[in-house]
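S.K.: Handing you this structure, nothing more for now.
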Amino acid sequence: MATSRRNFIRTLAPLVAAPYILPSCLNSKSPNGRITMGFVGMGIQSRYLLSKFVGEVQVVGVCDVYKPRMTNGQQWTDKFYNEHPDKGSAGCKVYDDYRELISRKDIDLICVATPDHWHSTIVMEALKHGKDVYCEKPLTHNIQEAIDIMHGVDQYKRVLQTGSMQRSSSEFRIACELVRNGCIGTISHVDATFSGPPIPCDLPEEEMEPGLDWNRWLGPAPMRPYNSVLSPRGIHNHYPDWRKYREYGTGGVGDWGAHHLDIAQWGLGMDDSGPVEVLFKNGEATLVYANGIYVTRKDEGFGVHFFGSDGEVMVNRGRFKMIVKGQLVASNVKEDNANTTLEAELQKAEQMFLKDAKVKLYNSPSHYLDFLGCVKSRQKPIANEQVGGRTVICCHLMNQLYYHNEPIKWDPAKLCFTGGTGNPAWLTREYRDWRK
């Protein structure tokens with residue numbers, strides 16, 4: 001996982017966009033017919049997303065509570081359009097208040113890539129203003145926010161894509177198709193590899209960073225002194241550790257868990273449901289489903305590892321392995337076969353087991369184009385609000401198990417605790433009035 005992030009940062013550093021071709025018939029509020037987009041949060045992940053969207057839409061505004069990041073996003077966007085006038089025109093506006101950006105009537109889409117504790121507030125504001133939304137994962141900071149967004153997308157009839165982009169990678173789709181078509185028999189359990197829950201923030205006070213509106217960075221979270229671990233100084237090229245702290249992030253469970261639990265949900269056919277219980281099994285946090293299948297968090301492992309009565313399917317970014325009846329049938333893992341490729345091994349598995357597959361999963365070759373295509377068609381994208389909402393609820397349930405150290409029973413249909421377990425207060429959090 002660390003290697004994947006290092007590779008990602010290396011490719012991000014120059015911020016060179018490689019635009020895709022998008023149908024030009026999208027309905028747009030822009031006079032020149034190009035769909036328009038605004039970005040909220042201009043840290044490392046948002047800069048990556050900007051590089052993906054900028055050639056497909058007209059980026060008209062960027063927002064950040066830290067002036068250097070805000071200005072950097074504006075300058076990079078205008079430079080791109082000056083160098084690629086066929087893709088759009090310069091003139092990107094800057095904002096330090098997301099509400100001003102969202103209230104613009106000429107904006108079609110909003111991209112949200114802030115720390116987790118801000119996601120829901122900004123997403124709901126965008127939905128109410130008639131914007132379609134791309135929101136980074138994890139979709140929310142708590143369970144109630146996930147429920148609110150799922151309802152909000154339906155109420156305002158908008159399109160939302162969650163940034164669980166593994167669903168748009170062939171290795172994960174094919175792995176899940178193999179599982180869903182019974183190619184390794186009846187599934188008993190799944191191991192998912194990611195780190196643990198967030199901890200309460202105990203960082204010491206540092207000298208305030210010039211150009212940062214700290215009150216707005218904290219927003220609905222409790223007031224506390226500034227620390228550069230939370231909001232790094234300057235234009236940083238690393239993932240900040242705010243995600244480690246409970247007030248702002250969801251820990252490893254909400255970071256990589258939002259990816260790997262998402263694939264577990266997909267492979268188990270639970271996109272419209274979820275676990276009925278969360279407990280410690282042999283000392284490890286485990287989600288239990290109504291059919292008896294369970295998903296366990298592991299500190300070490302392959303990524304997502306499905307165990308069936310007839311074999312195993314293992315998948316992670318760029319890695320795939322399949323065992324049937326004790327025999328290795330496909331693997332691009334170096335220790336198994338150094339002279340192969342991921343594409344070759346996936347094709348082998350498809351030819352052997354999926355030629356006449358009854359279950360064919362949503363095939364999205366690009367997470368970003370899938371979103372834009374669904375903005376046009378008004379269909380639900382591959383990681384829509386129901387997918388992202390129910391995946392993040394899995395993350396939150398697991399975190400609540402860690403926080404309170406007691407089993408929780410959950411009703412995935414009614415989206416509430418059941419069996420006399422849990423506490424309604426665990427569904428949400430206290431929100432500070434940052435507007436004072």
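Following the order of the structure tokens, first chain is A, next is B, and so on, with residues numbered from 1 inside each chain and ligands from 1 in the order they appear.
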Using only C-alpha atoms, which protein or nucleic acid residues come within 12 Å of Ala344 of chain A? Drop anything in the same chain fewer than 2 positions from it, and give the result as a VMD selection string.
M.R.: chain A and resid 170 to 171 318 to 321 329 to 332 337 339 to 342 346 to 351
S.K.: Residues of the last selection are to be written out with N, CA and C atoms, as a PDB file, in the first residue's frame.
M.R.:
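part.pdb, freshly written:
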ATOM      1  N   SER A 170      -9.842  -3.399 -13.664  1.00  0.00           N
ATOM      2  CA  SER A 170     -10.269  -4.712 -14.152  1.00  0.00           C
ATOM      3  C   SER A 170      -9.963  -5.845 -13.184  1.00  0.00           C
ATOM      4  N   GLU A 171      -8.834  -5.763 -12.444  1.00  0.00           N
ATOM      5  CA  GLU A 171      -8.506  -6.875 -11.549  1.00  0.00           C
ATOM      6  C   GLU A 171      -9.554  -7.059 -10.459  1.00  0.00           C
ATOM      7  N   GLY A 318      -3.052  -4.051  -8.985  1.00  0.00           N
ATOM      8  CA  GLY A 318      -2.013  -4.604  -9.834  1.00  0.00           C
ATOM      9  C   GLY A 318      -1.632  -6.025  -9.516  1.00  0.00           C
ATOM     10  N   ARG A 319      -2.354  -6.692  -8.602  1.00  0.00           N
ATOM     11  CA  ARG A 319      -2.009  -8.064  -8.196  1.00  0.00           C
ATOM     12  C   ARG A 319      -3.262  -8.935  -8.172  1.00  0.00           C
ATOM     13  N   PHE A 320      -3.108 -10.157  -8.653  1.00  0.00           N
ATOM     14  CA  PHE A 320      -4.240 -11.089  -8.734  1.00  0.00           C
ATOM     15  C   PHE A 320      -3.741 -12.518  -8.601  1.00  0.00           C
ATOM     16  N   LYS A 321      -4.534 -13.310  -7.905  1.00  0.00           N
ATOM     17  CA  LYS A 321      -4.162 -14.722  -7.732  1.00  0.00           C
ATOM     18  C   LYS A 321      -5.427 -15.541  -7.530  1.00  0.00           C
ATOM     19  N   VAL A 329      -4.203 -21.532 -10.569  1.00  0.00           N
ATOM     20  CA  VAL A 329      -4.676 -21.443 -11.946  1.00  0.00           C
ATOM     21  C   VAL A 329      -4.321 -20.107 -12.603  1.00  0.00           C
ATOM     22  N   ALA A 330      -4.087 -19.076 -11.790  1.00  0.00           N
ATOM     23  CA  ALA A 330      -3.697 -17.778 -12.349  1.00  0.00           C
ATOM     24  C   ALA A 330      -3.044 -16.946 -11.255  1.00  0.00           C
ATOM     25  N   SER A 331      -1.941 -16.299 -11.604  1.00  0.00           N
ATOM     26  CA  SER A 331      -1.268 -15.426 -10.640  1.00  0.00           C
ATOM     27  C   SER A 331      -0.227 -14.578 -11.347  1.00  0.00           C
ATOM     28  N   ASN A 332      -0.205 -13.290 -11.027  1.00  0.00           N
ATOM     29  CA  ASN A 332       0.891 -12.446 -11.508  1.00  0.00           C
ATOM     30  C   ASN A 332       1.828 -12.079 -10.367  1.00  0.00           C
ATOM     31  N   ASN A 337       5.037 -16.601 -10.500  1.00  0.00           N
ATOM     32  CA  ASN A 337       5.386 -16.586 -11.923  1.00  0.00           C
ATOM     33  C   ASN A 337       5.900 -15.202 -12.280  1.00  0.00           C
ATOM     34  N   ASN A 339       7.321 -14.345 -15.046  1.00  0.00           N
ATOM     35  CA  ASN A 339       7.295 -14.101 -16.489  1.00  0.00           C
ATOM     36  C   ASN A 339       5.865 -13.969 -17.012  1.00  0.00           C
ATOM     37  N   THR A 340       5.100 -13.132 -16.373  1.00  0.00           N
ATOM     38  CA  THR A 340       3.725 -12.928 -16.813  1.00  0.00           C
ATOM     39  C   THR A 340       3.303 -11.502 -16.491  1.00  0.00           C
ATOM     40  N   THR A 341       2.079 -11.171 -16.846  1.00  0.00           N
ATOM     41  CA  THR A 341       1.542  -9.844 -16.567  1.00  0.00           C
ATOM     42  C   THR A 341       0.175  -9.979 -15.918  1.00  0.00           C
ATOM     43  N   LEU A 342      -0.271  -8.908 -15.303  1.00  0.00           N
ATOM     44  CA  LEU A 342      -1.603  -8.904 -14.717  1.00  0.00           C
ATOM     45  C   LEU A 342      -2.647  -9.169 -15.796  1.00  0.00           C
ATOM     46  N   LEU A 346      -5.363 -12.262 -15.799  1.00  0.00           N
ATOM     47  CA  LEU A 346      -6.792 -11.977 -15.751  1.00  0.00           C
ATOM     48  C   LEU A 346      -7.493 -12.603 -16.948  1.00  0.00           C
ATOM     49  N   GLN A 347      -6.880 -12.493 -18.121  1.00  0.00           N
ATOM     50  CA  GLN A 347      -7.458 -13.083 -19.320  1.00  0.00           C
ATOM     51  C   GLN A 347      -7.548 -14.603 -19.185  1.00  0.00           C
ATOM     52  N   LYS A 348      -6.541 -15.197 -18.593  1.00  0.00           N
ATOM     53  CA  LYS A 348      -6.548 -16.638 -18.383  1.00  0.00           C
ATOM     54  C   LYS A 348      -7.726 -17.053 -17.494  1.00  0.00           C
ATOM     55  N   ALA A 349      -7.902 -16.326 -16.404  1.00  0.00           N
ATOM     56  CA  ALA A 349      -9.003 -16.639 -15.492  1.00  0.00           C
ATOM     57  C   ALA A 349     -10.360 -16.439 -16.168  1.00  0.00           C
ATOM     58  N   GLU A 350     -10.477 -15.369 -16.951  1.00  0.00           N
ATOM     59  CA  GLU A 350     -11.737 -15.115 -17.659  1.00  0.00           C
ATOM     60  C   GLU A 350     -12.045 -16.227 -18.644  1.00  0.00           C
ATOM     61  N   GLN A 351     -11.054 -16.649 -19.411  1.00  0.00           N
ATOM     62  CA  GLN A 351     -11.272 -17.689 -20.414  1.00  0.00           C
ATOM     63  C   GLN A 351     -11.628 -19.022 -19.773  1.00  0.00           C
TER      64      GLN A 351
END
S.K.: For each of A:Gly61, A:Gly389, A:Pro407, A:Pro210, take the minimum atom-to-atom distance to Gly152 of chain A, counting only C-alpha atoms, then give the residue where this is smallest.
M.R.: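 With only C-alpha atoms as the atom set, the closest residue is A:Gly389.
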S.K.: Would you list the contacts of segment 63-80 of chain A as a list in words, taking every protein, DNA or RNA residue within 7 Å and counting only C-alpha atoms, but skipping same-chain residues closer than 3 positions in sequence?
M.R.: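 Everything that qualifies: Phe39, Val40, Gly41, Met42, Gly43, Glu83, His84, Ala90, Gly91, Cys92, Lys93, Val94, Tyr95, Asp96, Asp97, Tyr98, Gly211, Leu212, Asp213, Arg216, Trp217, Gly234 and Ile235 of chain A.
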S.K.: Can you write just those residues out, C-alpha atoms, as an mmCIF file, in the first residue's frame?
M.R.:
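Saved as part-v7.cif:
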data_model
loop_
_atom_site.group_PDB
_atom_site.id
_atom_site.type_symbol
_atom_site.label_atom_id
_atom_site.label_comp_id
_atom_site.auth_asym_id
_atom_site.auth_seq_id
_atom_site.Cartn_x
_atom_site.Cartn_y
_atom_site.Cartn_z
ATOM 1 C CA PHE A 39 -13.305 21.958 -6.631
ATOM 2 C CA VAL A 40 -13.513 22.168 -2.838
ATOM 3 C CA GLY A 41 -10.250 21.339 -1.066
ATOM 4 C CA MET A 42 -7.013 21.682 -3.050
ATOM 5 C CA GLY A 43 -4.660 19.243 -1.312
ATOM 6 C CA GLU A 83 -1.556 25.703 -23.042
ATOM 7 C CA HIS A 84 -4.616 23.718 -24.260
ATOM 8 C CA ALA A 90 -8.498 30.417 -18.403
ATOM 9 C CA GLY A 91 -10.300 32.455 -15.780
ATOM 10 C CA CYS A 92 -10.614 30.088 -12.817
ATOM 11 C CA LYS A 93 -11.920 31.926 -9.745
ATOM 12 C CA VAL A 94 -10.742 31.347 -6.157
ATOM 13 C CA TYR A 95 -12.832 31.005 -2.999
ATOM 14 C CA ASP A 96 -12.116 30.501 0.685
ATOM 15 C CA ASP A 97 -15.775 29.674 1.442
ATOM 16 C CA TYR A 98 -17.259 26.628 -0.254
ATOM 17 C CA GLY A 211 -2.639 32.309 5.004
ATOM 18 C CA LEU A 212 -4.610 29.545 6.722
ATOM 19 C CA ASP A 213 -8.127 30.108 8.065
ATOM 20 C CA ARG A 216 -12.685 27.068 8.736
ATOM 21 C CA TRP A 217 -10.237 24.167 8.424
ATOM 22 C CA GLY A 234 3.118 25.015 1.890
ATOM 23 C CA ILE A 235 2.183 22.924 -1.156
#
S.K.: With 9 Å as the cut-off and only C-alpha atoms counted, what is the closest atom pair between each nearby residue of segment 283-365 of chain A and segment 182-198 of chain A? Distances in Å to one decimal, ordered by chain and number, as CSV.
M.R.:
residue,atom,partner,partner_atom,distance
A:Gly292,CA,A:Ser188,CA,7.5
A:Ile293,CA,A:Ser188,CA,5.2
A:Tyr294,CA,A:His189,CA,4.8
A:Val295,CA,A:Val190,CA,4.6
A:Thr296,CA,A:Asp191,CA,5.0
A:Arg297,CA,A:Ala192,CA,5.1
A:Lys298,CA,A:Thr193,CA,4.7
A:Asp299,CA,A:Thr193,CA,5.6
A:Glu300,CA,A:Thr193,CA,5.7
A:Gly301,CA,A:Thr193,CA,5.5
A:Phe302,CA,A:Thr193,CA,6.8
A:Gly303,CA,A:Thr193,CA,4.9
A:Val304,CA,A:Ala192,CA,4.7
A:His305,CA,A:Asp191,CA,5.0
A:Phe306,CA,A:Val190,CA,4.6
A:Phe307,CA,A:His189,CA,5.5
A:Gly308,CA,A:Ile187,CA,4.1
A:Ser309,CA,A:Gly185,CA,4.9
A:Asp310,CA,A:Ile184,CA,4.6
A:Gly311,CA,A:Ile184,CA,4.6
A:Glu312,CA,A:Ile184,CA,6.1
A:Val313,CA,A:Ile184,CA,7.5
A:Met322,CA,A:Ile184,CA,8.7
A:Ile323,CA,A:Ile184,CA,8.0
A:Val324,CA,A:Ile184,CA,6.3
A:Lys325,CA,A:Ile184,CA,8.2
A:Phe353,CA,A:Cys183,CA,6.6
A:Leu354,CA,A:Cys183,CA,8.5
S.K.: Which of these residues is nearest to Val359 of chain A, using only C-alpha atoms: A:Arg432, A:Arg317, A:Arg180, A:His396?
M.R.: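 Counting only C-alpha atoms, the residue closest to Val359 of chain A is A:Arg180.
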S.K.: Just the strand (DSSP E) stuff from segment 55-273 of chain A, please, per backbone DSSP, written as a PDB file with N, CA and C atoms, in the first residue's frame.
M.R.:
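Result saved to result.pdb:
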ATOM      1  N   GLN A  58     -14.953  22.240 -18.001  1.00  0.00           N
ATOM      2  CA  GLN A  58     -14.400  23.575 -17.775  1.00  0.00           C
ATOM      3  C   GLN A  58     -14.358  23.821 -16.276  1.00  0.00           C
ATOM      4  N   VAL A  59     -13.157  23.837 -15.710  1.00  0.00           N
ATOM      5  CA  VAL A  59     -13.001  24.110 -14.282  1.00  0.00           C
ATOM      6  C   VAL A  59     -13.072  25.619 -14.093  1.00  0.00           C
ATOM      7  N   VAL A  60     -14.074  26.076 -13.353  1.00  0.00           N
ATOM      8  CA  VAL A  60     -14.319  27.515 -13.232  1.00  0.00           C
ATOM      9  C   VAL A  60     -14.015  28.072 -11.845  1.00  0.00           C
ATOM     10  N   GLY A  61     -13.773  27.188 -10.861  1.00  0.00           N
ATOM     11  CA  GLY A  61     -13.498  27.694  -9.526  1.00  0.00           C
ATOM     12  C   GLY A  61     -12.857  26.655  -8.642  1.00  0.00           C
ATOM     13  N   VAL A  62     -11.972  27.123  -7.746  1.00  0.00           N
ATOM     14  CA  VAL A  62     -11.362  26.246  -6.750  1.00  0.00           C
ATOM     15  C   VAL A  62     -11.489  26.912  -5.384  1.00  0.00           C
ATOM     16  N   CYS A  63     -11.618  26.077  -4.358  1.00  0.00           N
ATOM     17  CA  CYS A  63     -11.828  26.593  -3.003  1.00  0.00           C
ATOM     18  C   CYS A  63     -10.904  25.892  -2.030  1.00  0.00           C
ATOM     19  N   LYS A  93     -11.750  31.061 -10.906  1.00  0.00           N
ATOM     20  CA  LYS A  93     -11.920  31.926  -9.745  1.00  0.00           C
ATOM     21  C   LYS A  93     -11.503  31.188  -8.470  1.00  0.00           C
ATOM     22  N   VAL A  94     -11.147  31.942  -7.429  1.00  0.00           N
ATOM     23  CA  VAL A  94     -10.742  31.347  -6.157  1.00  0.00           C
ATOM     24  C   VAL A  94     -11.733  31.733  -5.060  1.00  0.00           C
ATOM     25  N   TYR A  95     -11.897  30.802  -4.107  1.00  0.00           N
ATOM     26  CA  TYR A  95     -12.832  31.005  -2.999  1.00  0.00           C
ATOM     27  C   TYR A  95     -12.235  30.417  -1.729  1.00  0.00           C
ATOM     28  N   LEU A 109     -21.040  20.735 -11.669  1.00  0.00           N
ATOM     29  CA  LEU A 109     -20.490  19.671 -10.822  1.00  0.00           C
ATOM     30  C   LEU A 109     -19.607  20.259  -9.730  1.00  0.00           C
ATOM     31  N   ILE A 110     -19.587  19.552  -8.599  1.00  0.00           N
ATOM     32  CA  ILE A 110     -18.685  19.900  -7.497  1.00  0.00           C
ATOM     33  C   ILE A 110     -17.856  18.671  -7.146  1.00  0.00           C
ATOM     34  N   CYS A 111     -16.555  18.880  -7.012  1.00  0.00           N
ATOM     35  CA  CYS A 111     -15.653  17.830  -6.534  1.00  0.00           C
ATOM     36  C   CYS A 111     -15.263  18.153  -5.097  1.00  0.00           C
ATOM     37  N   VAL A 112     -15.441  17.187  -4.202  1.00  0.00           N
ATOM     38  CA  VAL A 112     -15.135  17.380  -2.784  1.00  0.00           C
ATOM     39  C   VAL A 112     -13.967  16.470  -2.400  1.00  0.00           C
ATOM     40  N   ASP A 132     -24.368  17.978  -9.261  1.00  0.00           N
ATOM     41  CA  ASP A 132     -23.904  16.602  -9.171  1.00  0.00           C
ATOM     42  C   ASP A 132     -22.539  16.616  -8.490  1.00  0.00           C
ATOM     43  N   VAL A 133     -22.191  15.519  -7.811  1.00  0.00           N
ATOM     44  CA  VAL A 133     -21.038  15.554  -6.911  1.00  0.00           C
ATOM     45  C   VAL A 133     -20.122  14.349  -7.108  1.00  0.00           C
ATOM     46  N   TYR A 134     -18.822  14.635  -7.186  1.00  0.00           N
ATOM     47  CA  TYR A 134     -17.788  13.608  -7.031  1.00  0.00           C
ATOM     48  C   TYR A 134     -17.164  13.850  -5.669  1.00  0.00           C
ATOM     49  N   CYS A 135     -17.290  12.874  -4.757  1.00  0.00           N
ATOM     50  CA  CYS A 135     -16.751  13.036  -3.408  1.00  0.00           C
ATOM     51  C   CYS A 135     -15.759  11.931  -3.108  1.00  0.00           C
ATOM     52  N   LEU A 160     -24.125  11.135  -7.881  1.00  0.00           N
ATOM     53  CA  LEU A 160     -22.957  11.187  -6.995  1.00  0.00           C
ATOM     54  C   LEU A 160     -22.072   9.978  -7.240  1.00  0.00           C
ATOM     55  N   GLN A 161     -20.795  10.238  -7.345  1.00  0.00           N
ATOM     56  CA  GLN A 161     -19.790   9.186  -7.439  1.00  0.00           C
ATOM     57  C   GLN A 161     -18.859   9.294  -6.246  1.00  0.00           C
ATOM     58  N   THR A 162     -18.642   8.175  -5.544  1.00  0.00           N
ATOM     59  CA  THR A 162     -17.663   8.114  -4.461  1.00  0.00           C
ATOM     60  C   THR A 162     -16.315   7.700  -5.044  1.00  0.00           C
ATOM     61  N   ILE A 187     -18.736 -19.166  -0.669  1.00  0.00           N
ATOM     62  CA  ILE A 187     -17.823 -18.326   0.104  1.00  0.00           C
ATOM     63  C   ILE A 187     -18.096 -18.496   1.595  1.00  0.00           C
ATOM     64  N   SER A 188     -17.023 -18.681   2.355  1.00  0.00           N
ATOM     65  CA  SER A 188     -17.143 -18.783   3.811  1.00  0.00           C
ATOM     66  C   SER A 188     -16.754 -17.477   4.490  1.00  0.00           C
ATOM     67  N   HIS A 189     -15.641 -16.877   4.026  1.00  0.00           N
ATOM     68  CA  HIS A 189     -15.192 -15.642   4.655  1.00  0.00           C
ATOM     69  C   HIS A 189     -14.238 -14.877   3.741  1.00  0.00           C
ATOM     70  N   VAL A 190     -13.967 -13.644   4.137  1.00  0.00           N
ATOM     71  CA  VAL A 190     -13.091 -12.755   3.384  1.00  0.00           C
ATOM     72  C   VAL A 190     -12.136 -12.086   4.372  1.00  0.00           C
ATOM     73  N   ASP A 191     -10.868 -12.018   3.999  1.00  0.00           N
ATOM     74  CA  ASP A 191      -9.897 -11.227   4.748  1.00  0.00           C
ATOM     75  C   ASP A 191      -9.633  -9.938   3.989  1.00  0.00           C
ATOM     76  N   ALA A 192      -9.653  -8.812   4.695  1.00  0.00           N
ATOM     77  CA  ALA A 192      -9.380  -7.508   4.083  1.00  0.00           C
ATOM     78  C   ALA A 192      -8.258  -6.842   4.864  1.00  0.00           C
ATOM     79  N   THR A 193      -7.229  -6.402   4.144  1.00  0.00           N
ATOM     80  CA  THR A 193      -6.018  -5.884   4.785  1.00  0.00           C
ATOM     81  C   THR A 193      -6.014  -4.362   4.822  1.00  0.00           C
TER      82      THR A 193
END
S.K.: Go ahead and compute the interatomic distance for atom CA of Ile199 of chain A and atom CA of Arg246 of chain A, in Å to one decimal.
M.R.: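 Calculated distance between atom CA of Ile199 of chain A and atom CA of Arg246 of chain A is 5.2 Å.
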